[in-house]
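Student: Let me give you the structure first, and then I'll get to my questions.
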Amino acid sequence: QVQLVESGGGLVQPGGSHRLSCAASGIISSVASMAWYRQAPGKEREEVARFRNDGSTNYADSVKGRFTISGDIAKTTTFLHMDALKPEDTAVYYCQVHQWSTGQFFWGQGTQVTVSS
């Protein structure tokens, strides 16, 4: 069973920058898109950013202009670069891969990002 592994979580000061990484433990074929989600305490998991195999990207309004998603579909790796971080960005961040041939979604275990002074 292929797993997604996120890394890079930690404590960041408000206004700072940080980068998260996600890589698959093996090969996932037929990737339609890769995405980052987050879940803050007491809130539902929300999609933060997504990039598709056609090169298109989209972002949640709350992070637009501050976060940048990138990656390599063929290598099943993705990164989330976060700038101008705010305390409300504090959450567990999850990586997701959508495999179009099976309709399956793969999830990572999550990595905690805390924005605080």
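Chain identifiers are assigned as A, B, and so on, following the order in which chains appear in the structure tokens; residues are numbered from 1 within each chain, and ligands are numbered from 1 in order of appearance.
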Would you kindly return, as JSON, numbers by chain, each protein, DNA or RNA residue with an atom no farther than 9 Å from any atom of stretch 17-23 of chain A, considering only C-alpha atoms and excluding same-chain residues fewer than 2 positions away?
Tutor: {"A": [3, 4, 5, 6, 7, 8, 9, 10, 12, 13, 14, 15, 25, 26, 71, 75, 76, 77, 78, 79, 80, 81, 82, 83, 84, 85, 93, 94, 95, 96, 108, 111]}
Student: So which residues touch A:Ser33 within 8 Å, counting only C-alpha atoms, skipping near sequence neighbours fewer than 3 positions away, as a list of chain:residue names?
Tutor: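 Selected residues are A:Arg50, A:Phe51, A:Arg52, A:Asn53, A:Ile73, A:Val97, A:His98, A:Gln99.
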Student: Pull N, CA and C atoms from the residues just selected and write them as a compact mmCIF listing (two decimals), in the first residue's frame.
Tutor:
# COMPACT_ATOMS: atom_id res chain seq x y z
N ARG A 50 -4.73 23.14 -4.78
CA ARG A 50 -4.72 21.94 -5.63
C ARG A 50 -4.01 22.25 -6.94
N PHE A 51 -3.23 21.30 -7.43
CA PHE A 51 -2.76 21.44 -8.80
C PHE A 51 -3.04 20.15 -9.56
N ARG A 52 -3.40 20.31 -10.81
CA ARG A 52 -3.87 19.21 -11.64
C ARG A 52 -2.83 18.83 -12.69
N ASN A 53 -3.05 17.70 -13.32
CA ASN A 53 -2.07 17.21 -14.28
C ASN A 53 -2.06 18.03 -15.57
N ILE A 73 3.94 15.75 -10.75
CA ILE A 73 2.93 14.69 -10.82
C ILE A 73 3.60 13.34 -11.05
N VAL A 97 -3.71 12.88 -2.85
CA VAL A 97 -3.50 12.57 -4.26
C VAL A 97 -4.76 11.90 -4.80
N HIS A 98 -5.23 12.36 -5.94
CA HIS A 98 -6.40 11.78 -6.59
C HIS A 98 -5.94 10.98 -7.81
N GLN A 99 -6.25 9.70 -7.80
CA GLN A 99 -5.89 8.82 -8.89
C GLN A 99 -7.10 8.67 -9.80
Student: Please report the interatomic distance between atom CA of A:Val2 and atom CA of A:Ser29 in Å with one decimal.
Tutor: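 These two atoms are separated by 10.8 Å.
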Student: If we count only C-alpha atoms and set the cut-off at 12 Å, which residues sit around A:Lys43, ignoring sequence neighbours fewer than 5 positions away in its own chain? Please answer as a list in words.
Tutor: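 Near neighbours after the sequence-gap exclusion: Arg38, Glu88, Thr90, Ala91 and Val92 of chain A.
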Student: Tell me which protein, DNA and RNA residues are within 12 Å of A:Asn58, counting only C-alpha atoms, leaving out same-chain ones fewer than 5 positions away, and put them as a list of chain:residue names.
Tutor: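 Close residues of A:Asn58: A:Ser33, A:Met34, A:Ala35, A:Trp36, A:Glu47, A:Val48, A:Ala49, A:Arg50, A:Phe51, A:Arg52, A:Val63, A:Lys64, A:Gly65, A:Phe67, A:Thr68, A:Ile69, A:Ser70.
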Student: Could you please take those selected residues and save N, CA, C and O atoms as a short mmCIF file (atom, residue, chain, number, x, y, z; two decimals), in the first residue's frame?
Tutor:
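To be explicit, this is the file written out as selection_0.cif:
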data_model
loop_
_atom_site.label_atom_id
_atom_site.label_comp_id
_atom_site.auth_asym_id
_atom_site.auth_seq_id
_atom_site.Cartn_x
_atom_site.Cartn_y
_atom_site.Cartn_z
N SER A 33 -4.66 14.84 -9.78
CA SER A 33 -4.30 16.07 -9.07
C SER A 33 -3.66 15.74 -7.72
O SER A 33 -3.78 14.63 -7.22
N MET A 34 -2.99 16.74 -7.20
CA MET A 34 -2.43 16.67 -5.85
C MET A 34 -2.88 17.92 -5.11
O MET A 34 -3.00 18.99 -5.70
N ALA A 35 -3.15 17.77 -3.83
CA ALA A 35 -3.73 18.88 -3.09
C ALA A 35 -3.25 18.90 -1.65
O ALA A 35 -2.73 17.90 -1.13
N TRP A 36 -3.42 20.07 -1.03
CA TRP A 36 -3.20 20.22 0.39
C TRP A 36 -4.51 20.62 1.05
O TRP A 36 -5.22 21.50 0.54
N GLU A 47 -10.03 22.33 1.88
CA GLU A 47 -9.02 22.31 0.83
C GLU A 47 -8.32 23.66 0.80
O GLU A 47 -8.97 24.70 0.76
N VAL A 48 -7.00 23.60 0.75
CA VAL A 48 -6.19 24.82 0.74
C VAL A 48 -5.72 25.14 -0.68
O VAL A 48 -5.82 26.28 -1.13
N ALA A 49 -5.21 24.13 -1.36
CA ALA A 49 -4.67 24.35 -2.70
C ALA A 49 -4.64 23.03 -3.46
O ALA A 49 -4.53 21.96 -2.85
N ARG A 50 -4.73 23.14 -4.78
CA ARG A 50 -4.72 21.94 -5.63
C ARG A 50 -4.01 22.25 -6.94
O ARG A 50 -4.18 23.33 -7.49
N PHE A 51 -3.23 21.30 -7.43
CA PHE A 51 -2.76 21.44 -8.80
C PHE A 51 -3.04 20.15 -9.56
O PHE A 51 -2.98 19.06 -9.02
N ARG A 52 -3.40 20.31 -10.81
CA ARG A 52 -3.87 19.21 -11.64
C ARG A 52 -2.83 18.83 -12.69
O ARG A 52 -1.87 19.57 -12.94
N VAL A 63 -6.14 31.82 1.46
CA VAL A 63 -4.68 31.70 1.29
C VAL A 63 -4.20 32.26 -0.03
O VAL A 63 -2.99 32.32 -0.28
N LYS A 64 -5.12 32.69 -0.87
CA LYS A 64 -4.76 33.17 -2.20
C LYS A 64 -3.79 34.36 -2.07
O LYS A 64 -4.02 35.28 -1.30
N GLY A 65 -2.71 34.30 -2.83
CA GLY A 65 -1.71 35.36 -2.77
C GLY A 65 -0.65 35.15 -1.71
O GLY A 65 0.37 35.85 -1.70
N PHE A 67 -0.06 31.58 -0.33
CA PHE A 67 0.41 30.20 -0.45
C PHE A 67 0.63 29.85 -1.92
O PHE A 67 -0.10 30.32 -2.80
N THR A 68 1.61 28.99 -2.16
CA THR A 68 1.88 28.51 -3.51
C THR A 68 2.07 27.00 -3.48
O THR A 68 2.90 26.50 -2.72
N ILE A 69 1.30 26.31 -4.32
CA ILE A 69 1.44 24.87 -4.42
C ILE A 69 2.28 24.55 -5.65
O ILE A 69 2.17 25.20 -6.68
N SER A 70 3.14 23.56 -5.52
CA SER A 70 3.95 23.12 -6.64
C SER A 70 4.21 21.63 -6.48
O SER A 70 3.85 21.04 -5.45
#
Student: Go ahead and compute the interatomic distance for atom CA of A:Ile27 and atom CA of A:Ala60, in Å to one decimal.
Tutor: 28.0 Å
Student: Calculate how many Å separate atom CA of A:Gln112 from atom CA of A:Tyr59, rounding to one decimal.
Tutor: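 Computing the Euclidean distance for atom CA of A:Gln112 and atom CA of A:Tyr59 yields 19.7 Å.
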Student: Counting only C-alpha atoms, which of A:Ala32, A:Tyr37, A:Ser116, A:Asp54 gets nearest to A:Ser101?
Tutor: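 With only C-alpha atoms as the atom set, the closest residue is A:Ala32.
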Student: Go through stretch 27-114 of chain A and collect every residue that DSSP, computed from the backbone, puts in strand (DSSP E or B); the answer should be as an NGL selection string.
Tutor: :A and (31-39 or 46-52 or 57-59 or 67-72 or 77-82 or 91-99 or 104-108 or 111-114)
